[in-house]
Each structure stands twice: as structure tokens, then as C-alpha cells.
$ cat data_14.txt   # compact mmCIF, C-alpha atoms and all ligand atoms
# COMPACT_ATOMS: atom_id res chain seq x y z
CA MET A 1 57.23 -20.95 -59.17
CA THR A 2 53.64 -19.96 -59.95
CA ALA A 3 51.47 -18.03 -57.47
CA ALA A 4 48.88 -19.71 -55.23
CA ARG A 5 45.48 -20.24 -56.85
CA PRO A 6 42.92 -17.58 -55.87
CA GLY A 7 40.53 -20.33 -54.66
CA LEU A 8 42.94 -21.10 -51.83
CA GLU A 9 41.60 -17.96 -50.12
CA ARG A 10 38.56 -20.04 -49.19
CA SER A 11 40.69 -21.78 -46.58
CA ARG A 12 40.94 -18.55 -44.55
CA GLY A 13 40.06 -19.17 -40.93
CA LEU A 14 40.05 -22.96 -41.30
CA PHE A 15 42.03 -25.46 -39.27
CA VAL A 16 43.86 -27.48 -41.91
CA VAL A 17 45.81 -30.60 -41.00
CA LEU A 18 48.62 -31.05 -43.51
CA GLY A 19 49.76 -34.67 -43.35
CA VAL A 20 53.24 -35.25 -44.74
CA SER A 21 54.58 -38.77 -45.34
CA GLY A 22 57.91 -40.25 -46.33
CA SER A 23 58.27 -39.52 -50.01
CA ILE A 24 61.04 -37.63 -51.73
CA ALA A 25 58.27 -35.18 -52.73
CA ALA A 26 57.88 -34.09 -49.08
CA TYR A 27 59.78 -30.90 -49.86
CA LYS A 28 56.89 -29.80 -52.09
CA ALA A 29 54.58 -29.83 -49.06
CA VAL A 30 56.72 -27.04 -47.59
CA GLU A 31 55.54 -24.64 -50.27
CA LEU A 32 51.93 -25.73 -49.81
CA ALA A 33 52.22 -25.13 -46.05
CA ARG A 34 53.49 -21.62 -46.76
CA ARG A 35 50.72 -20.82 -49.24
CA LEU A 36 47.96 -22.14 -46.99
CA THR A 37 49.30 -20.11 -44.07
CA GLN A 38 49.48 -17.01 -46.27
CA ALA A 39 45.89 -17.64 -47.36
CA GLY A 40 44.85 -17.34 -43.71
CA ALA A 41 44.45 -21.00 -42.72
CA THR A 42 45.78 -22.37 -39.46
CA VAL A 43 48.06 -25.11 -40.74
CA GLN A 44 48.85 -27.96 -38.41
CA VAL A 45 51.53 -30.17 -39.94
CA VAL A 46 51.48 -33.84 -38.90
CA MET A 47 54.49 -35.76 -40.19
CA THR A 48 55.14 -39.47 -40.26
CA ARG A 49 58.49 -40.54 -38.85
CA SER A 50 59.68 -41.34 -42.37
CA ALA A 51 58.69 -37.86 -43.57
CA ALA A 52 61.04 -36.36 -41.00
CA GLU A 53 63.88 -38.22 -42.75
CA PHE A 54 63.22 -36.10 -45.83
CA VAL A 55 62.36 -32.65 -44.44
CA ARG A 56 63.12 -31.29 -41.00
CA PRO A 57 60.03 -30.46 -38.93
CA LEU A 58 61.63 -27.09 -38.17
CA THR A 59 61.14 -26.04 -41.80
CA PHE A 60 57.37 -26.47 -41.50
CA GLN A 61 57.31 -24.97 -38.03
CA ALA A 62 59.01 -21.80 -39.23
CA LEU A 63 56.51 -21.36 -42.06
CA THR A 64 53.31 -22.28 -40.23
CA TYR A 65 54.21 -20.68 -36.87
CA ARG A 66 53.10 -23.87 -35.13
CA PRO A 67 55.03 -26.83 -33.72
CA VAL A 68 54.89 -29.84 -35.99
CA GLU A 69 53.26 -32.96 -34.55
CA LEU A 70 55.06 -36.26 -35.04
CA GLU A 71 54.61 -38.45 -32.00
CA MET A 72 51.35 -39.92 -30.80
CA PHE A 73 52.60 -40.50 -27.27
CA GLY A 74 54.24 -37.09 -26.99
CA GLN A 75 50.73 -35.65 -27.01
CA LEU A 76 49.70 -36.80 -23.59
CA ASP A 77 51.09 -33.96 -21.47
CA ASP A 78 48.46 -31.33 -22.25
CA ARG A 79 45.60 -33.23 -23.94
CA ALA A 80 44.08 -36.46 -22.70
CA ALA A 81 43.18 -37.60 -26.19
CA GLY A 82 45.90 -35.95 -28.26
CA HIS A 83 45.94 -38.78 -30.77
CA VAL A 84 42.47 -37.79 -32.00
CA ALA A 85 42.24 -34.11 -31.01
CA MET A 86 43.58 -32.75 -34.29
CA GLY A 87 41.34 -34.99 -36.36
CA GLN A 88 38.30 -33.79 -34.49
CA GLN A 89 39.34 -30.17 -34.79
CA ALA A 90 40.21 -30.35 -38.48
CA ASP A 91 38.10 -28.56 -41.07
CA LEU A 92 40.15 -30.23 -43.78
CA ILE A 93 42.92 -32.82 -43.99
CA VAL A 94 45.35 -32.78 -46.91
CA ILE A 95 47.99 -35.48 -47.20
CA VAL A 96 50.87 -34.25 -49.36
CA PRO A 97 52.66 -36.38 -50.37
CA ALA A 98 50.86 -39.63 -49.57
CA THR A 99 53.14 -42.67 -49.76
CA ALA A 100 51.99 -46.12 -50.84
CA HIS A 101 52.45 -47.06 -47.18
CA VAL A 102 50.21 -44.30 -45.82
CA ILE A 103 47.54 -45.08 -48.44
CA ALA A 104 47.62 -48.77 -47.45
CA ARG A 105 47.35 -47.93 -43.76
CA LEU A 106 44.43 -45.55 -44.29
CA ALA A 107 42.63 -48.06 -46.51
CA HIS A 108 42.85 -50.71 -43.81
CA GLY A 109 42.13 -48.53 -40.82
CA PHE A 110 45.55 -48.76 -39.17
CA ALA A 111 46.04 -46.53 -36.14
CA ASP A 112 49.76 -46.90 -35.60
CA ASP A 113 50.92 -43.31 -35.83
CA LEU A 114 49.61 -39.82 -35.27
CA LEU A 115 48.65 -39.18 -38.90
CA ALA A 116 46.66 -42.44 -39.01
CA THR A 117 44.75 -41.76 -35.77
CA THR A 118 44.13 -38.16 -36.83
CA VAL A 119 42.51 -39.26 -40.09
CA LEU A 120 40.55 -42.07 -38.42
CA ALA A 121 39.04 -39.66 -35.90
CA ALA A 122 38.18 -36.90 -38.38
CA HIS A 123 34.82 -35.91 -39.85
CA ALA A 124 36.45 -33.42 -42.20
CA PRO A 125 37.02 -33.93 -45.93
CA VAL A 126 40.29 -35.70 -46.69
CA ILE A 127 42.40 -35.00 -49.77
CA VAL A 128 45.06 -37.58 -50.59
CA CYS A 129 47.85 -36.64 -52.99
CA PRO A 130 49.91 -39.75 -53.80
CA ALA A 131 53.53 -39.60 -54.92
CA MET A 132 55.63 -42.66 -55.60
CA GLU A 133 57.73 -44.53 -58.10
CA THR A 134 55.69 -45.54 -61.11
CA HIS A 135 55.62 -49.31 -60.46
CA MET A 136 54.57 -48.74 -56.86
CA TRP A 137 51.68 -46.61 -58.12
CA ALA A 138 50.66 -49.13 -60.80
CA ASN A 139 50.83 -52.05 -58.39
CA PRO A 140 47.37 -53.64 -57.95
CA ALA A 141 47.77 -53.42 -54.17
CA THR A 142 48.18 -49.64 -54.33
CA GLN A 143 45.39 -49.28 -56.89
CA ALA A 144 43.01 -51.36 -54.77
CA ASN A 145 43.86 -49.27 -51.69
CA VAL A 146 43.30 -46.03 -53.60
CA ALA A 147 39.93 -47.37 -54.80
CA ILE A 148 38.94 -48.08 -51.19
CA LEU A 149 39.77 -44.52 -50.14
CA ARG A 150 37.83 -43.13 -53.10
CA GLU A 151 34.80 -45.28 -52.26
CA ARG A 152 34.87 -43.91 -48.75
CA GLY A 153 34.62 -40.40 -50.10
CA MET A 154 38.24 -39.26 -49.87
CA ARG A 155 39.42 -37.15 -52.76
CA ILE A 156 42.42 -38.44 -54.63
CA VAL A 157 44.53 -35.96 -56.57
CA ALA A 158 46.09 -38.45 -58.97
CA PRO A 159 49.83 -38.26 -59.50
CA GLU A 160 51.13 -37.01 -62.83
CA ALA A 161 53.30 -38.62 -65.45
CA GLY A 162 56.83 -37.33 -65.82
CA GLU A 163 60.36 -37.84 -64.69
CA LEU A 164 60.58 -39.44 -61.26
CA ALA A 165 63.25 -39.31 -58.59
CA SER A 166 64.13 -42.91 -59.48
CA GLY A 167 65.20 -41.75 -62.93
CA LEU A 168 62.26 -43.54 -64.54
CA VAL A 169 59.60 -41.77 -66.52
CA GLY A 170 55.99 -42.65 -65.74
CA GLN A 171 53.00 -41.84 -63.57
CA GLY A 172 53.76 -41.25 -59.93
CA ARG A 173 54.99 -37.70 -59.59
CA LEU A 174 53.12 -35.60 -57.03
CA ALA A 175 50.40 -33.56 -58.75
CA ALA A 176 51.30 -29.94 -59.45
CA LEU A 177 50.60 -27.68 -56.46
CA GLU A 178 48.00 -25.83 -58.53
CA ARG A 179 45.95 -29.02 -58.88
CA ILE A 180 46.21 -29.69 -55.18
CA GLU A 181 45.15 -26.11 -54.44
CA ASP A 182 42.16 -26.47 -56.76
CA ALA A 183 41.14 -29.66 -54.93
CA ILE A 184 41.42 -27.81 -51.61
CA ALA A 185 39.32 -24.90 -52.90
CA GLU A 186 36.70 -27.33 -54.21
CA ALA A 187 36.59 -29.36 -50.99
CA VAL A 188 36.29 -26.24 -48.84
CA GLY A 189 33.56 -24.82 -51.10
CA GLU A 190 31.63 -28.07 -50.90
CA ALA A 191 32.19 -28.38 -47.15
CA ARG A 192 30.14 -25.21 -46.73
CA SER A 193 27.64 -25.67 -49.52
CA LEU A 194 24.84 -26.89 -47.22
CA ALA A 195 26.01 -25.07 -44.08
CA GLY A 196 23.17 -24.90 -41.57
CA ARG A 197 20.63 -26.54 -43.92
CA ARG A 198 18.31 -29.14 -42.43
CA VAL A 199 18.30 -32.27 -44.56
CA VAL A 200 16.28 -35.45 -44.08
CA VAL A 201 17.49 -38.65 -45.79
CA THR A 202 15.65 -41.97 -45.84
CA ALA A 203 17.65 -45.13 -46.38
CA GLY A 204 17.55 -48.90 -46.45
CA PRO A 205 14.64 -51.29 -46.80
CA THR A 206 11.38 -51.44 -44.91
CA ALA A 207 10.23 -54.63 -43.21
CA GLU A 208 6.50 -55.42 -43.11
CA PRO A 209 5.55 -58.01 -40.49
CA ILE A 210 3.81 -61.24 -41.41
CA ASP A 211 3.91 -62.43 -37.81
CA PRO A 212 6.19 -61.62 -34.84
CA VAL A 213 9.19 -63.37 -36.46
CA ARG A 214 8.71 -63.02 -40.21
CA VAL A 215 8.79 -59.97 -42.44
CA ILE A 216 8.45 -59.01 -46.09
CA SER A 217 11.43 -56.88 -46.99
CA ASN A 218 13.68 -56.12 -49.96
CA ARG A 219 17.34 -56.23 -50.91
CA SER A 220 18.23 -52.58 -50.25
CA SER A 221 21.52 -52.40 -48.30
CA GLY A 222 21.09 -48.74 -47.36
CA LYS A 223 24.55 -47.87 -48.69
CA MET A 224 23.33 -45.16 -51.06
CA GLY A 225 21.21 -43.39 -48.45
CA TYR A 226 23.95 -43.60 -45.84
CA ALA A 227 26.45 -42.19 -48.37
CA ILE A 228 24.06 -39.29 -49.05
CA ALA A 229 23.64 -38.60 -45.33
CA SER A 230 27.40 -38.63 -44.96
CA ALA A 231 27.96 -36.32 -47.97
CA ALA A 232 25.29 -33.88 -46.76
CA GLN A 233 26.87 -33.84 -43.32
CA ALA A 234 30.28 -33.22 -44.88
CA ALA A 235 28.71 -30.27 -46.74
CA GLY A 236 27.76 -28.73 -43.40
CA ALA A 237 24.10 -29.80 -43.25
CA ASP A 238 22.22 -30.76 -40.11
CA VAL A 239 21.23 -34.28 -41.18
CA THR A 240 18.60 -36.70 -39.92
CA LEU A 241 18.79 -40.19 -41.36
CA ILE A 242 15.59 -42.23 -41.23
CA SER A 243 16.74 -45.78 -41.69
CA GLY A 244 15.17 -49.17 -42.09
CA PRO A 245 17.03 -52.23 -40.83
CA THR A 246 20.58 -52.27 -42.28
CA ALA A 247 23.98 -53.53 -41.21
CA LEU A 248 25.43 -50.01 -41.41
CA ALA A 249 26.49 -47.59 -38.69
CA ALA A 250 25.15 -44.03 -38.94
CA PRO A 251 27.82 -41.63 -40.20
CA ALA A 252 29.43 -39.60 -37.40
CA GLY A 253 27.53 -36.42 -36.64
CA VAL A 254 24.28 -37.62 -38.25
CA ARG A 255 21.10 -38.04 -36.19
CA GLN A 256 19.42 -41.39 -36.81
CA VAL A 257 15.79 -42.43 -36.55
CA GLN A 258 15.28 -46.17 -36.79
CA ILE A 259 12.10 -47.45 -38.46
CA GLU A 260 10.84 -50.80 -39.68
CA THR A 261 7.61 -50.45 -41.63
CA ALA A 262 6.59 -48.14 -44.46
CA SER A 263 4.03 -46.48 -42.23
CA GLU A 264 6.66 -45.79 -39.53
CA LEU A 265 8.89 -44.31 -42.23
CA ARG A 266 6.04 -42.12 -43.48
CA GLU A 267 5.29 -40.85 -39.98
CA ALA A 268 8.96 -40.11 -39.30
CA VAL A 269 9.37 -38.16 -42.56
CA LEU A 270 6.18 -36.18 -42.07
CA ALA A 271 7.18 -35.30 -38.49
CA LEU A 272 10.46 -33.83 -39.73
CA LEU A 273 9.02 -32.21 -42.85
CA PRO A 274 7.98 -28.83 -41.39
CA ASP A 275 11.63 -28.07 -40.60
CA ALA A 276 13.31 -29.75 -43.56
CA GLU A 277 14.90 -27.76 -46.36
CA ALA A 278 15.71 -30.88 -48.38
CA VAL A 279 14.29 -34.39 -48.27
CA VAL A 280 16.07 -37.23 -50.03
CA MET A 281 14.01 -40.40 -50.24
CA ALA A 282 16.53 -43.12 -50.94
CA ALA A 283 14.80 -45.81 -48.86
CA ALA A 284 13.28 -48.77 -50.69
CA VAL A 285 9.78 -48.54 -49.25
CA ALA A 286 7.40 -51.48 -49.51
CA ASP A 287 4.42 -50.74 -51.76
CA TYR A 288 2.34 -53.34 -49.91
CA ARG A 289 2.03 -54.64 -46.37
CA VAL A 290 0.36 -57.74 -44.99
CA ALA A 291 -3.27 -56.77 -44.41
CA GLU A 292 -3.61 -58.67 -41.14
CA PRO A 293 -0.27 -59.60 -39.59
CA SER A 294 -0.61 -62.36 -37.05
CA ASP A 295 0.07 -61.63 -33.36
CA VAL A 296 1.42 -65.14 -32.91
CA LYS A 297 3.92 -67.08 -34.97
CA LEU A 298 2.17 -68.86 -37.84
CA LYS A 299 2.63 -72.61 -37.61
CA LYS A 300 3.75 -74.64 -40.57
CA ARG A 301 1.48 -77.51 -39.63
CA ASP A 302 -1.56 -75.20 -39.74
CA ALA A 303 -0.80 -74.11 -43.30
CA ARG A 304 -1.15 -77.57 -44.86
CA GLY A 305 1.35 -76.91 -47.64
CA GLU A 306 0.07 -73.52 -48.80
CA VAL A 307 -0.18 -70.04 -47.34
CA THR A 308 -2.05 -67.08 -48.79
CA LEU A 309 -1.08 -63.63 -47.58
CA ARG A 310 -3.44 -60.79 -48.36
CA LEU A 311 -1.51 -57.61 -49.06
CA THR A 312 -2.82 -54.10 -48.88
CA GLU A 313 -1.31 -50.98 -50.41
CA ASN A 314 0.83 -48.65 -48.29
CA ALA A 315 0.23 -44.92 -48.51
CA ASP A 316 2.65 -43.30 -50.96
CA VAL A 317 5.30 -41.45 -48.93
CA LEU A 318 6.53 -39.26 -51.78
CA LYS A 319 2.99 -38.11 -52.56
CA ALA A 320 2.41 -37.28 -48.90
CA VAL A 321 5.67 -35.32 -48.76
CA MET A 322 4.81 -33.40 -51.92
CA ALA A 323 1.38 -32.53 -50.50
CA LYS A 324 2.74 -31.26 -47.19
CA ARG A 325 6.13 -29.77 -47.98
CA ARG A 326 6.77 -26.09 -47.46
CA PRO A 327 7.37 -24.15 -50.67
CA GLY A 328 11.10 -24.23 -51.30
CA THR A 329 11.77 -27.61 -49.67
CA PHE A 330 13.80 -29.54 -52.22
CA VAL A 331 12.56 -33.10 -52.65
CA VAL A 332 14.53 -35.93 -54.25
CA GLY A 333 12.85 -39.21 -55.19
CA PHE A 334 14.57 -42.45 -56.16
CA LYS A 335 13.41 -44.81 -58.87
CA ALA A 336 15.00 -48.24 -58.86
CA GLU A 337 13.88 -50.23 -61.88
CA THR A 338 14.87 -53.24 -63.90
CA GLY A 339 13.31 -52.03 -67.18
CA ASP A 340 13.82 -48.44 -68.29
CA PRO A 341 14.65 -46.51 -65.12
CA VAL A 342 14.93 -43.13 -66.86
CA ALA A 343 11.45 -43.48 -68.41
CA GLU A 344 10.06 -44.53 -65.02
CA ALA A 345 11.84 -41.63 -63.29
CA THR A 346 10.40 -39.20 -65.83
CA ARG A 347 6.95 -40.57 -65.13
CA MET A 348 7.53 -40.18 -61.38
CA LEU A 349 8.64 -36.59 -61.95
CA ARG A 350 5.49 -35.84 -63.96
CA GLU A 351 3.02 -37.63 -61.72
CA LYS A 352 4.36 -36.79 -58.25
CA GLY A 353 6.36 -33.63 -58.89
CA PRO A 354 9.59 -33.99 -56.86
CA ASP A 355 12.39 -31.61 -57.84
CA LEU A 356 14.76 -34.40 -58.84
CA VAL A 357 14.55 -38.15 -59.38
CA VAL A 358 17.58 -40.42 -59.20
CA ALA A 359 17.01 -43.23 -61.71
CA ASN A 360 18.81 -46.40 -60.85
CA ASP A 361 19.09 -49.55 -62.94
CA VAL A 362 18.81 -52.41 -60.46
CA SER A 363 19.01 -55.18 -63.03
CA ALA A 364 22.80 -55.10 -62.80
CA GLY A 365 23.16 -56.39 -59.23
CA VAL A 366 23.65 -53.00 -57.55
CA PHE A 367 22.25 -54.14 -54.21
CA GLY A 368 25.00 -54.10 -51.65
CA ALA A 369 27.56 -52.90 -54.22
CA ASP A 370 29.82 -49.92 -53.55
CA THR A 371 29.32 -48.43 -57.00
CA ASP A 372 26.25 -47.34 -58.89
CA THR A 373 25.21 -46.08 -62.32
CA VAL A 374 22.48 -43.47 -62.00
CA THR A 375 20.80 -40.70 -63.98
CA PHE A 376 19.59 -37.46 -62.40
CA VAL A 377 16.21 -36.60 -63.94
CA SER A 378 14.62 -33.18 -63.47
CA VAL A 379 12.45 -30.81 -65.50
CA ASP A 380 15.71 -29.45 -66.95
CA GLY A 381 16.55 -32.86 -68.46
CA ALA A 382 18.47 -36.02 -67.67
CA GLU A 383 22.10 -36.13 -66.56
CA ALA A 384 23.53 -39.65 -66.95
CA LEU A 385 26.48 -40.26 -64.63
CA PRO A 386 29.10 -42.90 -65.36
CA ARG A 387 29.54 -45.85 -63.00
CA LEU A 388 30.84 -44.23 -59.80
CA PRO A 389 31.48 -45.10 -56.17
CA LYS A 390 28.28 -44.46 -54.18
CA ALA A 391 30.16 -41.84 -52.14
CA GLU A 392 30.81 -39.91 -55.36
CA VAL A 393 27.20 -40.23 -56.56
CA ALA A 394 26.18 -38.91 -53.14
CA ARG A 395 28.61 -36.00 -53.37
CA ARG A 396 27.26 -34.99 -56.77
CA LEU A 397 23.67 -35.27 -55.57
CA VAL A 398 24.48 -33.07 -52.58
CA GLN A 399 25.98 -30.49 -54.95
CA ARG A 400 22.77 -30.50 -57.01
CA ILE A 401 20.78 -29.89 -53.83
CA ALA A 402 23.16 -27.14 -52.71
CA GLN A 403 22.87 -25.41 -56.09
CA ALA A 404 19.09 -25.59 -55.92
CA LEU A 405 18.93 -24.20 -52.40
CA GLY A 406 21.37 -21.39 -53.17
CA GLY A 407 23.93 -20.10 -50.65
CA ALA A 408 24.06 -21.11 -46.98
CA SER A 409 20.97 -20.27 -44.90
C1 LIG B 1 64.94 -42.04 -50.85
C2 LIG B 1 63.59 -42.63 -50.64
C3 LIG B 1 62.52 -42.11 -51.32
C4 LIG B 1 61.26 -42.63 -51.15
N1 LIG B 1 60.22 -42.11 -51.86
C5 LIG B 1 59.00 -42.65 -51.72
C6 LIG B 1 57.91 -42.11 -52.46
O1 LIG B 1 58.02 -41.16 -53.23
N2 LIG B 1 56.71 -42.67 -52.30
C7 LIG B 1 56.49 -43.73 -51.48
O2 LIG B 1 55.37 -44.23 -51.41
N3 LIG B 1 57.50 -44.25 -50.74
C8 LIG B 1 58.75 -43.73 -50.85
N4 LIG B 1 59.78 -44.25 -50.12
C9 LIG B 1 59.50 -45.36 -49.19
C10 LIG B 1 58.86 -44.84 -47.90
O3 LIG B 1 59.65 -43.85 -47.31
C11 LIG B 1 58.60 -46.00 -46.96
O4 LIG B 1 57.63 -46.86 -47.54
C12 LIG B 1 58.14 -45.56 -45.59
O5 LIG B 1 57.87 -46.71 -44.82
C13 LIG B 1 56.90 -44.71 -45.65
O6 LIG B 1 56.47 -44.38 -44.36
P1 LIG B 1 55.24 -43.40 -44.09
O7 LIG B 1 54.20 -43.77 -45.07
O8 LIG B 1 54.84 -43.69 -42.69
O9 LIG B 1 55.72 -42.01 -44.27
C14 LIG B 1 61.06 -43.73 -50.26
C15 LIG B 1 62.13 -44.22 -49.54
C16 LIG B 1 63.39 -43.69 -49.73
C17 LIG B 1 64.55 -44.27 -48.96
$ encode --input "data_14.txt" --output "C-alpha cells"
Amino acid sequence: MTAARPGLERSRGLFVVLGVSGSIAAYKAVELARRLTQAGATVQVVMTRSAAEFVRPLTFQALTYRPVELEMFGQLDDRAAGHVAMGQQADLIVIVPATAHVIARLAHGFADDLLATTVLAAHAPVIVCPAMETHMWANPATQANVAILRERGMRIVAPEAGELASGLVGQGRLAALERIEDAIAEAVGEARSLAGRRVVVTAGPTAEPIDPVRVISNRSSGKMGYAIASAAQAAGADVTLISGPTALAAPAGVRQVQIETASELREAVLALLPDAEAVVMAAAVADYRVAEPSDVKLKKRDARGEVTLRLTENADVLKAVMAKRRPGTFVVGFKAETGDPVAEATRMLREKGPDLVVANDVSAGVFGADTDTVTFVSVDGAEALPRLPKAEVARRLVQRIAQALGGAS
């Protein structure tokens, strides 16, 4: 057996929940538990009932020096909320092996055993390492469930092709421990990459009043901005999310400031700017507002078949941020376009001077979608990303910001 990867040392001092589910590959989690413990992590093993059919909890207990948790209701003696305590305490959750069943339950938010409630209650990064018979893995149900987990920002260490316990040869074998260890090292590194940094993210549309009941708004769902806030929070940042009206809930641990109009958004950003180390402007801010919104509801019968609204230009928020930012505050602009988004982003970079512009082609119906195709444009050039879940775009953007800001503050 090969030695643990050096990167695993990064887990020293962390509280790692090792979820083990009912696959024949459960025995491989024993070695991972040993290596993590040796690397200095506190390893709390949470097994499903099926997992305990494959490996005895005592094996894990002897190697991690901690009792293994199996039963949700057995938790009640010493902790009032034992079903969520480990999730809240976790710095990292690794599920090795993850069965088709566990993946399905996580994808659909089931809370029917201790591993499920632990993951549901956690803010920590989650690494899922599937292992199953090749047809189970290829099944569209499993693939759709895996895609859901990926979209929500969980990391999937894809199974490998090879000989399976069923005697078949195909994809489904648990990834080599070295790959799982690399994923752990990467997740832990990223989880600290913005530690202590103050990050402001704007998200969603603005709504400019016409009268007390009508607004001019746009199709932004807010998903990208919320994903960025969530990724920055997962990287250890202190995040404030300034959000227009959306149907989304703020990610756990993120402070939210609710705004409606472009001018409210501008005020909120400028108020937070003196303290911010990074500002990500993902909101779709109205360029124009109604010059004289009515205090009373406009009546159809008064309009006589035609209404003219006079619009007046809103102050440019990005320009104001660039004028007032402290030196060193990293500013990200967004450019959503239907024509040539990269050319428009390059123009924005030149004319307004943010550190990075995310160019986004909105001709392809991205509003409300869970995936996006973007290009990062900076003075160093353009980096075109493939079509990715928004959570993954957000993760990569957060890594760009972390690299630019250097180590933790
Ligand atoms: C011998 C044997 C091996 C199994 N191996 C796997 C496996 O590798 N992957 C998997 O998804 N399910 C496997 N199963 C089926 C799971 O154990 C079963 O779906 C169980 O309900 C999973 O429960 P859990 O996800 O709560 O651990 C196996 C079952 C048996 C009897």
C-alpha cells in the first residue's frame, strides 16, 4: 500500500466527519480513517446501518480513538441536538464509500439517519466518493443525483474503471485513496483560502418603482451571486450579501442586506466598502429608473391606451466603487451580454478598471439555470471556462480572488 499523500497534513487539527455507507468498499475507509488520524485530524466516523454490515464499528473506533456514531436516537443522552451536532462541528465531511442509496438521499434532502442529518446540518465542504456496481453507477437516476450534489457544490471523486466485486469490469470502483486524499487536501486548502477576509457580494435584480405596485426589473435569478457568497463563505470569508428581490434563501453563515433599487444597492455597497477586501458585483443593476415614480397606483383608465415613462440614468455602481475603494480591495465586475460578452468585458475592464470581469453570454437562456458558461477577463488575459454548475464557477472565482489577495489576513 502506498503512503498517505503529503497534502493530507493540511487536515491537522480539523474535525473531519468520515461518513461510511453500505458498500463492499467500506473496508477501504478503514485505511483512510487511519491516515487522517495519523495526519493529526480528529476523525469522527459516522456509519450507516448498512455500513456496519460490512465493517465492524470497533475497527474504526480502534484506529480513530473515538466511538463510532451510528444511531440518531442514541445521541440524546448527552446532547440535545445530537443529530446535527457533528455536522455543525465539522470542518470537512468525507463520505467514503458513498452508495447509490446515500447519494440519492443526500440529493433529495432525506434526514432519515445520522449521516443524512449530519450532512444536512453542515456548513463544511462535503466530498462524496461513490462506489458501486457499474450499472448502478451508469443508471440515469444515480447520474442525475450526482449532478444535483455537484450543482450544490459538493465535490465528487468519481469512481474508477476496473474489476468490481460483482465480477464485472467497468466504472464504479471506489477511487484510489490517493485521489481521495488529494481531494481532501484541495478542499481543506480552499476552505482556508479566504480565512478572515471581508467579502461583499451583490446579487439578483434591482426593482425600480413605477408606482407603489409596479416595478421595472430584470430576469436575474440571483443564483450566481448566491453561489459566490456561499463559495466565499466556504473559503472562510466573512461575507455580506447585498441582494435584490429573489426567491433564494441566504446561504448559512452569510450576512444579508436586502435592497430593491439601484440606488439602495449603491448605498449599501459604498457603506461596506471601507472594510471590504473584495467586492463581487454579480447583481443585475438597472441602468435606468423611472424619473418620477407615482405615489399612487396609476389607473388604466387615465392612460387612454398609452403610457409614456420617462427614465433617468442611475449612477454607475462599479465606477463609484472604483473611485472609493481602498488600494488592494479586489473588485470583480460582471458583464452579461447577448452579443460579444468577452469584447464587452474587455471594454469594461479598460474603461472602469476592476481587477476582473466575468463575461457571461446571456443569449443562451442562462437566467434561472443552474449552469453557466463564463470567461474570466483580466489584464492578464481571458480564461474561458467550459459550461459548469454555477457552484463550480463560483468556486473558481473565489480561488482567483484568494490568489489575488494572497494568504489569509
Ligand atoms: C454484498 C453487498 C454489496 C453491496 N455493495 C454496494 C456498493 O458497492 N455500492 C452501493 O451503492 N450499494 C451496495 N450494496 C447495496 C447497499 O448496501 C444498499 O443499497 C443499502 O441500502 C445501502 O444503505 P446505506 O446507503 O444507508 O449505507 C451492496 C449490498 C450488498 C448485499
$ axis_aligned_box --input "data_14.txt" --around "ligand LIG 1 (chain B)" --padding-each-side "4 Å" --output "AutoDock Vina command-line options"
--center_x 59.6 --center_y -44.0 --center_z -48.0 --size_x 18.7 --size_y 13.7 --size_z 18.5
$ closest_residue --input "data_14.txt" --among "A:Val55, A:Met86, A:Leu120, A:Ile95" --to "Thr42 of chain A" --atoms "all atoms listed in the file"
A:Met86
$ residues_near_ligand --input "data_14.txt" --ligand "ligand LIG 1 (chain B)" --cutoff "7 Å" --atoms "only C-alpha atoms and all ligand atoms" --output "VMD selection string"
chain A and resid 21 to 25 48 to 51 98 to 102 131 to 133
$ residues_around --input "data_14.txt" --residues "Pro274 of chain A" --least-positions-apart "3" --cutoff "8 Å" --atoms "only C-alpha atoms" --output "mmCIF file with C-alpha atoms, keeping the file's coordinate frame"
data_model
loop_
_atom_site.group_PDB
_atom_site.id
_atom_site.type_symbol
_atom_site.label_atom_id
_atom_site.label_comp_id
_atom_site.auth_asym_id
_atom_site.auth_seq_id
_atom_site.Cartn_x
_atom_site.Cartn_y
_atom_site.Cartn_z
ATOM 1 C CA LEU A 270 6.180 -36.180 -42.070
ATOM 2 C CA ALA A 271 7.180 -35.300 -38.490
ATOM 3 C CA ARG A 325 6.130 -29.770 -47.980
ATOM 4 C CA ARG A 326 6.770 -26.090 -47.460
#
$ residues_around --input "data_14.txt" --residues "Val257 of chain A" --least-positions-apart "2" --cutoff "12 Å" --atoms "all atoms listed in the file" --output "list in words"
Val200, Val201, Thr202, Ala203, Gly204, Val239, Thr240, Leu241, Ile242, Ser243, Gly244, Pro245, Ala250, Val254, Arg255, Ile259, Glu260, Glu264, Leu265, Arg266, Glu267, Ala268, Val269, Ala271 and Leu272 of chain A
$ residues_near_point --input "data_14.txt" --point "(-4.4, -65.8, -45.1)" --cutoff "12 Å" --atoms "only C-alpha atoms" --output "list in words"
Ile210, Asp211, Val290, Ala291, Glu292, Pro293, Ser294, Leu298, Asp302, Ala303, Glu306, Val307, Thr308, Leu309, Arg310 and Leu311 of chain A
$ write_last_selection --input "data_14.txt" --atoms "C-alpha atoms" --output "compact mmCIF listing (two decimals), in the coordinates of the input"
# COMPACT_ATOMS: atom_id res chain seq x y z
CA ILE A 210 3.81 -61.24 -41.41
CA ASP A 211 3.91 -62.43 -37.81
CA VAL A 290 0.36 -57.74 -44.99
CA ALA A 291 -3.27 -56.77 -44.41
CA GLU A 292 -3.61 -58.67 -41.14
CA PRO A 293 -0.27 -59.60 -39.59
CA SER A 294 -0.61 -62.36 -37.05
CA LEU A 298 2.17 -68.86 -37.84
CA ASP A 302 -1.56 -75.20 -39.74
CA ALA A 303 -0.80 -74.11 -43.30
CA GLU A 306 0.07 -73.52 -48.80
CA VAL A 307 -0.18 -70.04 -47.34
CA THR A 308 -2.05 -67.08 -48.79
CA LEU A 309 -1.08 -63.63 -47.58
CA ARG A 310 -3.44 -60.79 -48.36
CA LEU A 311 -1.51 -57.61 -49.06
$ residues_around --input "data_14.txt" --residues "Val393 of chain A" --least-positions-apart "5" --cutoff "8 Å" --atoms "all atoms listed in the file" --output "list in words"
Asp372, Val374 and Leu388 of chain A
$ residues_near_point --input "data_14.txt" --point "(8.9, -56.2, -46.0)" --cutoff "6 Å" --atoms "all atoms listed in the file" --output "ChimeraX atom specification"
/A:206-208,215-217
$ atom_distance --input "data_14.txt" --atom1 "atom CA of Gln61 of chain A" --atom2 "atom CA of Val30 of chain A"
9.8 Å
$ residues_around --input "data_14.txt" --residues "Ala247 of chain A" --least-positions-apart "2" --cutoff "9 Å" --atoms "all atoms listed in the file" --output "count of residues only"
4
$ closest_residue --input "data_14.txt" --among "A:Leu115, A:Ala29, A:Val16, A:Leu385" --to "Val43 of chain A" --atoms "only C-alpha atoms"
A:Val16
$ closest_residue --input "data_14.txt" --among "A:Arg198, A:Arg219, A:Arg10, A:Arg56" --to "Gln38 of chain A" --atoms "all atoms listed in the file"
A:Arg10
$ atom_distance --input "data_14.txt" --atom1 "atom CA of Pro67 of chain A" --atom2 "atom CA of Pro130 of chain A"
24.4 Å
$ atom_distance --input "data_14.txt" --atom1 "atom CA of Phe15 of chain A" --atom2 "atom CA of Lys28 of chain A"
20.1 Å
$ residues_around --input "data_14.txt" --residues "Ala39 of chain A" --least-positions-apart "6" --cutoff "12 Å" --atoms "all atoms listed in the file" --output "list in words"
Ala3, Ala4, Arg5, Pro6, Gly7, Leu8, Glu9, Arg10, Ser11, Arg12, Gly13, Leu14, Phe15, Val16, Leu32, Ala33, Thr64, Glu181, Ile184 and Ala185 of chain A
